[in-house]
>>> print(open('work.cif').read())   # mmCIF, C-alpha atoms and all ligand atoms
data_data
loop_
_atom_site.label_atom_id
_atom_site.label_comp_id
_atom_site.auth_asym_id
_atom_site.auth_seq_id
_atom_site.Cartn_x
_atom_site.Cartn_y
_atom_site.Cartn_z
CA MET A 938 28.83 -28.37 30.17
CA LEU A 939 26.98 -27.32 27.06
CA ASN A 940 24.17 -24.78 27.04
CA LYS A 941 21.00 -25.09 24.98
CA ALA A 942 22.32 -23.04 22.05
CA GLN A 943 25.48 -25.17 21.86
CA ILE A 944 23.46 -28.41 22.00
CA ILE A 945 21.23 -27.17 19.18
CA ASP A 946 24.25 -26.22 17.07
CA ILE A 947 25.74 -29.69 17.50
CA LEU A 948 22.43 -31.39 16.69
CA LYS A 949 22.13 -29.34 13.50
CA ASP A 950 25.73 -29.74 12.32
CA ASN A 951 26.43 -33.11 10.75
CA SER A 952 30.01 -32.29 9.82
CA ILE A 953 31.20 -32.94 13.40
CA ASN A 954 29.34 -36.20 14.07
CA GLU A 955 32.42 -38.44 14.23
CA GLU A 956 34.10 -36.04 16.63
CA LEU A 957 30.97 -36.02 18.81
CA PHE A 958 30.72 -39.81 18.90
CA GLN A 959 34.42 -40.16 19.75
CA LYS A 960 34.15 -37.62 22.55
CA ALA A 961 31.15 -39.44 24.05
CA ASP A 962 33.04 -42.76 23.77
CA LYS A 963 36.05 -41.28 25.56
CA ILE A 964 33.91 -39.91 28.40
CA ARG A 965 32.12 -43.27 28.70
CA LYS A 966 35.47 -45.03 29.02
CA GLU A 967 36.78 -42.57 31.62
CA LYS A 968 33.66 -42.40 33.74
CA VAL A 969 32.02 -45.84 33.61
CA GLY A 970 34.74 -47.99 32.06
CA ASP A 971 34.77 -50.77 29.51
CA ASN A 972 32.30 -53.08 31.20
CA VAL A 973 28.93 -53.48 29.49
CA HIS A 974 26.00 -54.26 31.78
CA LEU A 975 23.50 -56.75 30.39
CA ARG A 976 19.95 -56.30 31.66
CA GLY A 977 17.65 -59.24 30.95
CA LEU A 978 14.33 -57.95 29.65
CA ILE A 979 11.07 -59.74 30.50
CA GLU A 980 8.17 -58.27 28.49
CA PHE A 981 5.46 -59.81 30.64
CA SER A 982 2.25 -58.25 29.27
CA ASN A 983 1.36 -56.48 26.04
CA ILE A 984 -2.02 -55.37 27.40
CA CYS A 985 -2.23 -51.62 27.83
CA LYS A 986 -4.99 -49.24 28.85
CA ARG A 987 -3.25 -46.27 27.22
CA SER A 988 -3.32 -45.14 23.61
CA CYS A 989 0.01 -43.47 22.95
CA LYS A 990 -0.25 -42.64 19.25
CA TYR A 991 3.13 -44.13 18.31
CA CYS A 992 2.91 -47.47 20.11
CA GLY A 993 1.85 -50.84 18.70
CA LEU A 994 0.57 -51.96 22.12
CA ARG A 995 -1.97 -49.11 22.38
CA SER A 996 -5.38 -50.24 23.65
CA ALA A 997 -7.14 -49.23 20.43
CA ASP A 998 -5.15 -51.78 18.37
CA LYS A 999 -7.49 -54.61 17.40
CA PHE A 1000 -4.97 -56.72 15.47
CA ILE A 1001 -2.46 -57.52 18.17
CA ASP A 1002 -2.60 -60.90 19.92
CA ARG A 1003 -2.63 -59.95 23.60
CA TYR A 1004 -0.91 -61.97 26.33
CA ARG A 1005 -0.12 -61.86 30.02
CA ILE A 1006 2.62 -63.89 31.69
CA LEU A 1007 1.78 -64.87 35.26
CA LYS A 1008 4.07 -64.96 38.26
CA ASP A 1009 5.38 -68.53 38.08
CA GLU A 1010 6.33 -68.23 34.44
CA ILE A 1011 7.93 -64.80 34.99
CA VAL A 1012 10.03 -66.25 37.80
CA LYS A 1013 10.96 -69.19 35.58
CA TYR A 1014 12.37 -66.82 32.92
CA ALA A 1015 14.05 -64.79 35.64
CA LYS A 1016 15.72 -67.88 37.10
CA HIS A 1017 16.99 -69.01 33.71
CA ALA A 1018 18.40 -65.53 33.06
CA VAL A 1019 20.17 -65.43 36.42
CA ASP A 1020 21.59 -68.92 35.75
CA MET A 1021 22.97 -67.63 32.45
CA GLY A 1022 24.74 -64.80 34.28
CA TYR A 1023 22.39 -61.81 34.26
CA LYS A 1024 22.83 -59.53 37.28
CA THR A 1025 19.88 -57.27 36.49
CA LEU A 1026 16.41 -58.04 35.20
CA VAL A 1027 13.92 -55.58 33.75
CA LEU A 1028 10.19 -56.23 34.03
CA GLN A 1029 8.38 -54.32 31.30
CA SER A 1030 4.72 -54.23 30.20
CA GLY A 1031 1.91 -52.08 28.93
CA GLU A 1032 -0.14 -50.36 31.61
CA ASP A 1033 -2.11 -53.45 32.57
CA ASP A 1034 -4.40 -53.10 35.60
CA TYR A 1035 -4.44 -56.87 36.12
CA TYR A 1036 -1.08 -56.37 37.83
CA THR A 1037 -2.42 -54.82 41.01
CA GLN A 1038 -0.10 -53.64 43.75
CA GLU A 1039 -0.43 -57.04 45.49
CA ARG A 1040 0.31 -59.06 42.34
CA MET A 1041 3.33 -56.92 41.47
CA VAL A 1042 4.68 -57.16 45.02
CA ASP A 1043 4.36 -60.95 44.84
CA ILE A 1044 6.24 -61.04 41.49
CA ILE A 1045 8.95 -58.67 42.75
CA LYS A 1046 9.52 -60.75 45.90
CA GLY A 1047 9.71 -63.92 43.80
CA ILE A 1048 12.40 -62.40 41.59
CA LYS A 1049 14.37 -60.77 44.40
CA LYS A 1050 14.86 -64.21 46.00
CA LEU A 1051 17.17 -64.89 43.03
CA ASP A 1052 19.77 -62.34 44.19
CA VAL A 1053 19.46 -60.02 41.22
CA ALA A 1054 18.94 -56.28 40.76
CA LEU A 1055 15.45 -55.47 39.50
CA THR A 1056 14.20 -52.67 37.27
CA LEU A 1057 10.51 -52.02 36.65
CA SER A 1058 9.11 -50.39 33.51
CA ILE A 1059 5.35 -50.62 33.88
CA GLY A 1060 4.26 -47.02 33.43
CA GLU A 1061 2.44 -44.51 35.59
CA ARG A 1062 1.34 -45.70 39.03
CA SER A 1063 0.48 -44.04 42.35
CA PHE A 1064 3.06 -43.04 44.96
CA GLU A 1065 1.70 -45.84 47.16
CA ASP A 1066 2.25 -48.45 44.44
CA TYR A 1067 5.79 -47.21 43.76
CA LYS A 1068 6.47 -47.33 47.51
CA ALA A 1069 5.13 -50.87 47.84
CA PHE A 1070 7.26 -52.04 44.88
CA LYS A 1071 10.35 -50.40 46.40
CA ASP A 1072 9.65 -51.96 49.80
CA ALA A 1073 9.29 -55.34 48.06
CA GLY A 1074 12.80 -54.97 46.63
CA ALA A 1075 12.61 -53.17 43.27
CA ASP A 1076 15.82 -51.18 42.74
CA ARG A 1077 15.23 -49.13 39.61
CA TYR A 1078 12.40 -47.75 37.50
CA LEU A 1079 12.31 -46.73 33.84
CA ILE A 1080 9.75 -44.25 32.63
CA ARG A 1081 10.64 -42.16 29.62
CA ILE A 1082 9.36 -38.62 29.44
CA GLU A 1083 9.14 -39.38 25.66
CA THR A 1084 9.26 -35.65 24.80
CA THR A 1085 9.55 -32.52 26.92
CA ASP A 1086 7.56 -30.53 24.35
CA ARG A 1087 4.28 -30.22 26.28
CA ASN A 1088 2.15 -29.54 23.20
CA LEU A 1089 3.58 -32.50 21.35
CA TYR A 1090 3.24 -34.66 24.47
CA LYS A 1091 -0.44 -33.74 24.65
CA LYS A 1092 -1.05 -34.58 20.99
CA LEU A 1093 0.63 -37.97 21.25
CA HIS A 1094 -0.84 -39.09 24.58
CA PRO A 1095 -4.64 -38.91 24.65
CA ASN A 1096 -6.05 -38.72 28.18
CA MET A 1097 -2.61 -38.57 29.74
CA SER A 1098 -0.93 -35.69 31.52
CA PHE A 1099 2.61 -34.42 31.18
CA ASP A 1100 2.44 -33.20 34.78
CA ASN A 1101 1.57 -36.67 36.01
CA ARG A 1102 4.54 -38.10 34.12
CA ILE A 1103 6.75 -35.58 35.95
CA ARG A 1104 5.05 -36.48 39.22
CA CYS A 1105 5.94 -40.14 38.64
CA LEU A 1106 9.61 -39.29 38.03
CA LYS A 1107 9.70 -37.15 41.17
CA ASP A 1108 8.02 -39.79 43.32
CA LEU A 1109 10.46 -42.45 42.12
CA GLY A 1110 13.41 -40.22 43.01
CA THR A 1111 11.95 -39.45 46.43
CA LEU A 1112 11.50 -43.15 47.12
CA GLY A 1113 15.17 -43.87 46.40
CA TYR A 1114 14.87 -45.71 43.11
CA GLU A 1115 17.57 -45.37 40.51
CA VAL A 1116 15.51 -43.43 38.01
CA GLY A 1117 15.65 -44.05 34.29
CA THR A 1118 14.01 -41.85 31.70
CA GLY A 1119 14.55 -40.98 28.06
CA CYS A 1120 12.93 -39.82 24.86
CA LEU A 1121 11.90 -40.80 21.38
CA VAL A 1122 13.81 -39.15 18.55
CA GLY A 1123 12.14 -38.29 15.26
CA LEU A 1124 8.53 -37.95 16.39
CA PRO A 1125 6.38 -36.02 13.94
CA GLU A 1126 6.59 -32.25 14.61
CA GLN A 1127 9.46 -32.72 17.08
CA SER A 1128 11.99 -29.89 16.82
CA VAL A 1129 15.74 -29.93 17.35
CA GLU A 1130 15.15 -27.29 20.05
CA SER A 1131 12.88 -29.67 21.95
CA LEU A 1132 15.48 -32.46 21.69
CA ALA A 1133 17.95 -30.05 23.32
CA ASP A 1134 15.35 -29.45 26.05
CA ASP A 1135 15.03 -33.22 26.50
CA ILE A 1136 18.79 -33.51 27.15
CA LEU A 1137 18.68 -30.60 29.59
CA PHE A 1138 15.70 -32.22 31.31
CA PHE A 1139 17.66 -35.45 31.89
CA LYS A 1140 20.33 -33.32 33.55
CA GLU A 1141 17.82 -31.29 35.56
CA ILE A 1142 16.21 -34.36 37.14
CA ASN A 1143 19.63 -35.95 37.68
CA ALA A 1144 18.62 -39.18 35.93
CA ASP A 1145 20.57 -42.36 36.70
CA MET A 1146 19.74 -43.96 33.34
CA VAL A 1147 18.66 -42.50 30.02
CA GLY A 1148 17.34 -44.54 27.08
CA ILE A 1149 17.15 -42.86 23.69
CA GLY A 1150 15.31 -44.56 20.86
CA PRO A 1151 14.47 -43.56 17.31
CA PHE A 1152 10.74 -43.42 16.63
CA ILE A 1153 9.69 -46.27 14.30
CA PRO A 1154 6.16 -45.96 12.84
CA HIS A 1155 3.87 -48.91 13.48
CA PRO A 1156 1.38 -49.72 10.68
CA HIS A 1157 -1.59 -50.09 13.06
CA THR A 1158 -1.19 -46.72 14.74
CA PRO A 1159 -2.34 -43.19 13.82
CA LEU A 1160 1.31 -42.38 13.02
CA LYS A 1161 1.61 -45.17 10.44
CA ASP A 1162 2.44 -42.75 7.61
CA ALA A 1163 4.92 -40.66 9.59
CA ALA A 1164 8.61 -40.73 8.70
CA THR A 1165 10.93 -43.07 10.60
CA GLY A 1166 13.22 -41.33 13.08
CA SER A 1167 16.84 -40.89 12.05
CA PHE A 1168 19.36 -43.36 13.45
CA THR A 1169 22.09 -40.72 13.31
CA MET A 1170 20.00 -38.12 15.14
CA ALA A 1171 19.13 -40.65 17.86
CA LEU A 1172 22.82 -41.48 18.18
CA LYS A 1173 23.67 -37.78 18.46
CA VAL A 1174 21.10 -37.21 21.20
CA MET A 1175 22.53 -40.25 23.01
CA ALA A 1176 26.15 -39.05 22.65
CA LEU A 1177 25.22 -35.58 23.92
CA THR A 1178 23.44 -37.19 26.86
CA ARG A 1179 26.69 -39.00 27.73
CA ILE A 1180 28.62 -35.71 27.52
CA MET A 1181 26.09 -33.91 29.73
CA LEU A 1182 25.61 -36.75 32.24
CA PRO A 1183 29.05 -38.45 32.18
CA ASP A 1184 28.58 -41.17 34.81
CA ILE A 1185 25.06 -42.49 34.19
CA ASN A 1186 23.98 -45.76 32.58
CA ILE A 1187 22.96 -45.47 28.92
CA PRO A 1188 21.55 -48.41 26.97
CA ALA A 1189 22.28 -49.16 23.34
CA THR A 1190 18.59 -49.53 22.53
CA THR A 1191 16.95 -52.32 20.57
CA ALA A 1192 15.23 -49.69 18.38
CA MET A 1193 18.70 -48.52 17.24
CA GLU A 1194 19.52 -52.04 16.05
CA THR A 1195 16.16 -52.26 14.29
CA LEU A 1196 17.22 -49.34 12.08
CA ASN A 1197 20.85 -50.38 11.65
CA PRO A 1198 22.06 -54.03 11.72
CA ASN A 1199 25.04 -52.97 13.83
CA GLY A 1200 23.14 -50.31 15.76
CA ARG A 1201 23.81 -51.52 19.31
CA ILE A 1202 27.55 -51.86 18.74
CA ILE A 1203 27.71 -48.42 17.12
CA ALA A 1204 25.81 -47.04 20.13
CA LEU A 1205 28.21 -48.81 22.54
CA GLN A 1206 31.03 -47.01 20.73
CA SER A 1207 29.26 -43.64 20.94
CA GLY A 1208 28.53 -43.35 24.66
CA ALA A 1209 26.37 -46.34 25.66
CA ASN A 1210 27.37 -48.89 28.32
CA VAL A 1211 24.26 -51.11 28.71
CA VAL A 1212 22.39 -53.63 26.53
CA MET A 1213 18.99 -55.12 27.33
CA PRO A 1214 18.57 -58.52 25.64
CA ASN A 1215 15.23 -60.27 25.79
CA VAL A 1216 15.11 -63.29 28.14
CA THR A 1217 11.67 -64.69 27.30
CA THR A 1218 11.02 -67.32 24.63
CA THR A 1219 9.67 -66.91 21.11
CA ASP A 1220 6.02 -67.38 22.22
CA TYR A 1221 5.94 -63.77 23.36
CA ARG A 1222 8.65 -61.87 21.55
CA ALA A 1223 6.82 -61.19 18.29
CA LYS A 1224 3.64 -60.24 20.14
CA TYR A 1225 5.34 -57.42 22.05
CA GLU A 1226 5.37 -55.42 18.85
CA ILE A 1227 5.76 -51.80 19.94
CA TYR A 1228 7.18 -51.10 16.48
CA PRO A 1229 7.67 -53.35 13.41
CA ASN A 1230 10.78 -55.43 12.55
CA LYS A 1231 11.94 -55.75 16.14
CA ILE A 1232 15.14 -57.73 16.36
CA CYS A 1233 15.51 -61.21 17.93
CA ILE A 1234 11.82 -62.16 17.70
CA THR A 1235 12.62 -65.71 16.58
CA GLU A 1236 15.52 -66.21 18.99
CA ASN A 1237 15.76 -67.67 22.47
CA PRO A 1238 17.40 -66.34 25.65
CA ASP A 1239 20.58 -68.43 25.34
CA LYS A 1240 21.16 -67.46 21.72
CA CYS A 1241 20.79 -63.73 22.47
CA PHE A 1242 23.08 -63.93 25.49
CA ASN A 1243 25.81 -65.59 23.45
CA CYS A 1244 25.25 -63.39 20.41
CA ILE A 1245 25.47 -60.06 22.20
CA GLY A 1246 28.29 -61.34 24.43
CA ALA A 1247 30.40 -62.20 21.37
CA LYS A 1248 29.68 -58.81 19.76
CA ILE A 1249 30.69 -56.97 22.92
CA LYS A 1250 33.94 -58.92 23.18
CA SER A 1251 34.67 -58.32 19.49
CA ILE A 1252 35.00 -54.59 20.18
CA GLY A 1253 37.35 -55.14 23.11
CA ARG A 1254 34.77 -54.60 25.83
CA ASN A 1255 33.82 -56.92 28.72
CA ILE A 1256 30.54 -58.17 30.11
CA SER A 1257 30.09 -56.80 33.58
CA THR A 1258 29.82 -59.26 36.44
CA THR A 1259 28.41 -56.67 38.87
CA TYR A 1260 24.87 -55.42 39.43
CA GLY A 1261 25.79 -52.23 37.60
CA PHE A 1262 24.32 -49.69 39.97
CA SER A 1263 24.53 -46.11 38.81
CA HIS A 1264 27.73 -44.16 39.49
CA ASN A 1265 25.52 -41.08 39.60
CA LYS A 1266 24.74 -41.31 43.33
CA GLY A 1267 25.62 -38.70 45.90
N1 LIG A 1301 4.16 -48.92 29.12
C1 LIG A 1301 5.39 -48.50 29.68
C2 LIG A 1301 5.69 -47.07 29.33
O1 LIG A 1301 5.12 -46.58 28.37
O2 LIG A 1301 6.50 -46.46 30.06
C3 LIG A 1301 6.56 -49.39 29.27
C4 LIG A 1301 6.45 -50.08 27.95
S1 LIG A 1301 6.58 -49.01 26.53
C5 LIG A 1301 6.25 -50.15 25.20
C6 LIG A 1301 8.35 -48.77 26.43
C7 LIG A 1301 8.83 -47.71 25.47
O3 LIG A 1301 8.57 -48.09 24.13
C8 LIG A 1301 8.17 -46.35 25.58
O4 LIG A 1301 8.74 -45.58 26.61
C9 LIG A 1301 8.39 -45.75 24.18
O5 LIG A 1301 9.43 -44.78 24.18
C10 LIG A 1301 8.83 -46.96 23.34
N2 LIG A 1301 8.05 -47.03 22.09
C11 LIG A 1301 6.72 -47.17 21.98
N3 LIG A 1301 6.35 -47.12 20.67
C12 LIG A 1301 7.48 -46.93 19.94
C13 LIG A 1301 7.76 -46.76 18.55
N4 LIG A 1301 6.79 -46.77 17.64
N5 LIG A 1301 9.05 -46.57 18.17
C14 LIG A 1301 10.04 -46.57 19.08
N6 LIG A 1301 9.84 -46.73 20.42
C15 LIG A 1301 8.57 -46.89 20.85
FE1 LIG A 1302 1.06 -48.41 26.62
FE2 LIG A 1302 3.63 -47.78 27.13
FE3 LIG A 1302 2.75 -48.28 24.60
FE4 LIG A 1302 1.98 -46.04 25.81
S1 LIG A 1302 4.10 -46.62 25.25
S2 LIG A 1302 0.62 -47.45 24.65
S3 LIG A 1302 1.78 -46.73 27.95
S4 LIG A 1302 2.85 -49.73 26.29
FE1 LIG A 1303 19.28 -61.66 20.01
FE2 LIG A 1303 21.71 -61.26 18.68
S1 LIG A 1303 20.96 -60.39 20.58
S2 LIG A 1303 20.14 -62.81 18.32
#
>>> encode(input="work.cif", output="structure tokens")
Amino acid sequence: MLNKAQIIDILKDNSINEELFQKADKIRKEKVGDNVHLRGLIEFSNICKRSCKYCGLRSADKFIDRYRILKDEIVKYAKHAVDMGYKTLVLQSGEDDYYTQERMVDIIKGIKKLDVALTLSIGERSFEDYKAFKDAGADRYLIRIETTDRNLYKKLHPNMSFDNRIRCLKDLGTLGYEVGTGCLVGLPEQSVESLADDILFFKEINADMVGIGPFIPHPHTPLKDAATGSFTMALKVMALTRIMLPDINIPATTAMETLNPNGRIIALQSGANVVMPNVTTTDYRAKYEIYPNKICITENPDKCFNCIGAKIKSIGRNISTTYGFSHNKG
């Protein structure tokens, strides 16, 4: 295992990048194999009460066309995805209080009837809510720490608390969820040292999944003039995460492909073993604009499934036919 100083050295040294990516790829192959898990993503509401300074869904944004997808339509997308072959679905949204505990439980039960693993990514909720969602059948929960630099966290998240974010991650672990977290790479004022801390944090909380995405400035946010995060640095943080947590699930994130037309395949060859294609239709895709130039916004679920499936096969990998639970248990 690498210590903080070693992680920092690797992050700073670009002469060994290829070696790093190959090592992460080798560990991925040994520990989680050649199967790629596809998780069908349903972005069901772009309404958010928070104002994270980097995000295009922040409540202060007056330009965005807001939408909410209700239970029957969510279940319709879920059913179509399961019929196509998805074994896991991910329900993601802004922090939208319309989706009370009761409404979420109803949606979760509707989806779980389809015999599919279910991940939630709906932000900070109470222990009681997380418990009710788990009891209703949710299997996994994604909530990125975004950055472990407390000062930076505070600057970027008005009226939010780093400690509450940690509380959420702890509660989810206690309740038996597979816990996913992750960070943004390339945030303004973010240091290489803090990225090393992020990787050590994933290890410390024994995460089951870690999603790493480059920061992409959105023109309607306070960070509109900030520099775009580096694709290579995001890939390095991801590869180091694979080396430090060998048997977890790591997605090749959509944000990586937004910065590089082959970004997800490069990520799959540098430590990643998961892809999360969108399974809603074009009515909603463009409106869930967390950052500009998101991929696949004019596509449909079938096209994305076939497209990513062909790309995965072209690099000699297979599409998993299992639920893809984390190997990092016990
Ligand atoms: N609201 C939930 C939450 O924040 O956990 C889930 C939805 S949120 C849109 C999902 C992720 O989008 C966040 O964890 C954040 O890392 C990412 N994100 C937001 N704005 C971004 C940006 N400008 N560039 C890259 N990723 C971004
Ligand atoms: Fe809302 Fe999540 Fe965007 Fe923050 S990152 S503004 S909580 S959707
Ligand atoms: Fe959507 Fe390729 S994954 S078109």
>>> atom_distance(input="work.cif", atom1="atom C5 of ligand LIG 1301 (chain A)", atom2="CA of Ser1030 (chain A)")
6.6 Å
>>> residues_near_ligand(input="work.cif", ligand="ligand LIG 1302 (chain A)", cutoff="7 Å", atoms="all atoms listed in the file", output="MDAnalysis selection string")
chainID A and resid 983 985:989 992:996 1030:1032 1060 1227
>>> closest_residue(input="work.cif", among="A:Gly1123, A:Leu978, A:Lys968, A:Lys1016", to="ligand LIG 1303 (chain A)", atoms="all atoms listed in the file")
A:Leu978
>>> residues_around(input="work.cif", residues="region 1261-1266 of chain A", least_positions_apart="3", cutoff="6 Å", atoms="all atoms listed in the file", output="PyMOL selection string")
chain A and resi 1145+1184-1185
>>> residues_around(input="work.cif", residues="Arg1005 (chain A)", least_positions_apart="5", cutoff="10 Å", atoms="all atoms listed in the file", output="PyMOL selection string")
chain A and resi 980-984+1011+1030+1033+1035-1036+1221
>>> closest_residue(input="work.cif", among="A:Ile1103, A:Ala1223, A:Leu1112, A:Leu1028", to="Glu1065 (chain A)", atoms="all atoms listed in the file")
A:Leu1112
>>> atom_distance(input="work.cif", atom1="CA of Lys1013 (chain A)", atom2="CA of Thr1235 (chain A)")
19.4 Å
>>> closest_residue(input="work.cif", among="A:Cys1241, A:Leu1137, A:Ala1171, A:Leu1196", to="Ile1153 (chain A)", atoms="all atoms listed in the file")
A:Leu1196
>>> atom_distance(input="work.cif", atom1="atom C5 of ligand LIG 1301 (chain A)", atom2="CA of Gln1029 (chain A)")
7.7 Å
>>> residues_near_ligand(input="work.cif", ligand="ligand LIG 1303 (chain A)", cutoff="8 Å", atoms="all atoms listed in the file", output="count of residues only")
14
>>> closest_residue(input="work.cif", among="A:Phe1000, A:Pro1095, A:Pro1125, A:Asp1052", to="Asp1162 (chain A)", atoms="all atoms listed in the file")
A:Pro1125
>>> closest_residue(input="work.cif", among="A:Tyr1078, A:Tyr1023, A:Tyr1067, A:Phe958", to="Val1053 (chain A)", atoms="all atoms listed in the file")
A:Tyr1023
>>> closest_residue(input="work.cif", among="A:Ala1144, A:Met938, A:Leu1172, A:Ile1149", to="Thr1190 (chain A)", atoms="all atoms listed in the file")
A:Ile1149
>>> residues_near_point(input="work.cif", point="(21.5, -53.0, 18.4)", cutoff="9 Å", atoms="all atoms listed in the file", output="PDB file with C-alpha atoms, in the frame of the given file")
ATOM      1  CA  ALA A1189      22.280 -49.160  23.340  1.00  0.00           C
ATOM      2  CA  THR A1190      18.590 -49.530  22.530  1.00  0.00           C
ATOM      3  CA  THR A1191      16.950 -52.320  20.570  1.00  0.00           C
ATOM      4  CA  ALA A1192      15.230 -49.690  18.380  1.00  0.00           C
ATOM      5  CA  MET A1193      18.700 -48.520  17.240  1.00  0.00           C
ATOM      6  CA  GLU A1194      19.520 -52.040  16.050  1.00  0.00           C
ATOM      7  CA  THR A1195      16.160 -52.260  14.290  1.00  0.00           C
ATOM      8  CA  LEU A1196      17.220 -49.340  12.080  1.00  0.00           C
ATOM      9  CA  ASN A1197      20.850 -50.380  11.650  1.00  0.00           C
ATOM     10  CA  PRO A1198      22.060 -54.030  11.720  1.00  0.00           C
ATOM     11  CA  ASN A1199      25.040 -52.970  13.830  1.00  0.00           C
ATOM     12  CA  GLY A1200      23.140 -50.310  15.760  1.00  0.00           C
ATOM     13  CA  ARG A1201      23.810 -51.520  19.310  1.00  0.00           C
ATOM     14  CA  ILE A1202      27.550 -51.860  18.740  1.00  0.00           C
ATOM     15  CA  ILE A1203      27.710 -48.420  17.120  1.00  0.00           C
ATOM     16  CA  ALA A1204      25.810 -47.040  20.130  1.00  0.00           C
ATOM     17  CA  LEU A1205      28.210 -48.810  22.540  1.00  0.00           C
ATOM     18  CA  VAL A1212      22.390 -53.630  26.530  1.00  0.00           C
ATOM     19  CA  ILE A1232      15.140 -57.730  16.360  1.00  0.00           C
ATOM     20  CA  ILE A1245      25.470 -60.060  22.200  1.00  0.00           C
TER      21      ILE A1245
END
>>> residues_near_point(input="work.cif", point="(22.4, -25.7, 20.8)", cutoff="12 Å", atoms="only C-alpha atoms", output="PyMOL selection string")
chain A and resi 938-950+1128-1137+1174+1177
>>> decode(input="work.cif", residues="region 1102-1156 of chain A", atoms="C-alpha atoms", output="JSON list (two decimals), in the first residue's frame")
[["chain", "number", "residue", "atom", "x", "y", "z"],
["A", 1102, "ARG", "CA", -21.63, 14.48, 4.74],
["A", 1103, "ILE", "CA", -19.44, 12.17, 6.84],
["A", 1104, "ARG", "CA", -22.44, 11.33, 9.02],
["A", 1105, "CYS", "CA", -24.36, 10.28, 5.90],
["A", 1106, "LEU", "CA", -21.54, 7.98, 4.78],
["A", 1107, "LYS", "CA", -21.32, 6.43, 8.24],
["A", 1108, "ASP", "CA", -25.07, 5.91, 8.53],
["A", 1109, "LEU", "CA", -25.19, 4.23, 5.11],
["A", 1110, "GLY", "CA", -22.40, 1.85, 6.13],
["A", 1111, "THR", "CA", -24.12, 1.07, 9.43],
["A", 1112, "LEU", "CA", -27.35, 0.27, 7.60],
["A", 1113, "GLY", "CA", -25.61, -2.27, 5.37],
["A", 1114, "TYR", "CA", -25.66, -0.42, 2.08],
["A", 1115, "GLU", "CA", -22.85, -0.87, -0.38],
["A", 1116, "VAL", "CA", -21.42, 2.61, -0.05],
["A", 1117, "GLY", "CA", -20.16, 4.62, -2.97],
["A", 1118, "THR", "CA", -18.29, 7.89, -2.67],
["A", 1119, "GLY", "CA", -15.76, 9.83, -4.71],
["A", 1120, "CYS", "CA", -14.37, 13.25, -5.50],
["A", 1121, "LEU", "CA", -14.09, 15.95, -8.10],
["A", 1122, "VAL", "CA", -10.64, 16.50, -9.56],
["A", 1123, "GLY", "CA", -9.45, 19.95, -10.60],
["A", 1124, "LEU", "CA", -11.60, 22.12, -8.36],
["A", 1125, "PRO", "CA", -10.26, 25.65, -7.96],
["A", 1126, "GLU", "CA", -7.71, 25.82, -5.10],
["A", 1127, "GLN", "CA", -7.62, 22.02, -4.77],
["A", 1128, "SER", "CA", -4.11, 20.77, -3.97],
["A", 1129, "VAL", "CA", -2.40, 17.55, -4.96],
["A", 1130, "GLU", "CA", -1.99, 16.90, -1.22],
["A", 1131, "SER", "CA", -5.74, 17.03, -0.73],
["A", 1132, "LEU", "CA", -6.28, 14.63, -3.65],
["A", 1133, "ALA", "CA", -3.95, 12.21, -1.84],
["A", 1134, "ASP", "CA", -6.09, 12.70, 1.28],
["A", 1135, "ASP", "CA", -9.19, 11.92, -0.79],
["A", 1136, "ILE", "CA", -7.71, 8.58, -1.87],
["A", 1137, "LEU", "CA", -6.72, 7.76, 1.71],
["A", 1138, "PHE", "CA", -10.23, 8.71, 2.82],
["A", 1139, "PHE", "CA", -11.80, 6.20, 0.39],
["A", 1140, "LYS", "CA", -9.57, 3.57, 1.97],
["A", 1141, "GLU", "CA", -10.31, 4.69, 5.53],
["A", 1142, "ILE", "CA", -14.08, 4.37, 5.12],
["A", 1143, "ASN", "CA", -13.67, 1.10, 3.23],
["A", 1144, "ALA", "CA", -15.77, 2.29, 0.28],
["A", 1145, "ASP", "CA", -17.40, -0.30, -1.99],
["A", 1146, "MET", "CA", -17.51, 2.05, -4.98],
["A", 1147, "VAL", "CA", -15.56, 5.18, -5.85],
["A", 1148, "GLY", "CA", -16.44, 7.57, -8.69],
["A", 1149, "ILE", "CA", -13.83, 10.09, -9.76],
["A", 1150, "GLY", "CA", -14.79, 12.88, -12.12],
["A", 1151, "PRO", "CA", -12.95, 15.87, -13.53],
["A", 1152, "PHE", "CA", -14.52, 19.20, -12.58],
["A", 1153, "ILE", "CA", -16.11, 20.86, -15.63],
["A", 1154, "PRO", "CA", -17.11, 24.52, -15.17],
["A", 1155, "HIS", "CA", -20.75, 25.32, -15.87],
["A", 1156, "PRO", "CA", -21.41, 28.78, -17.40]]
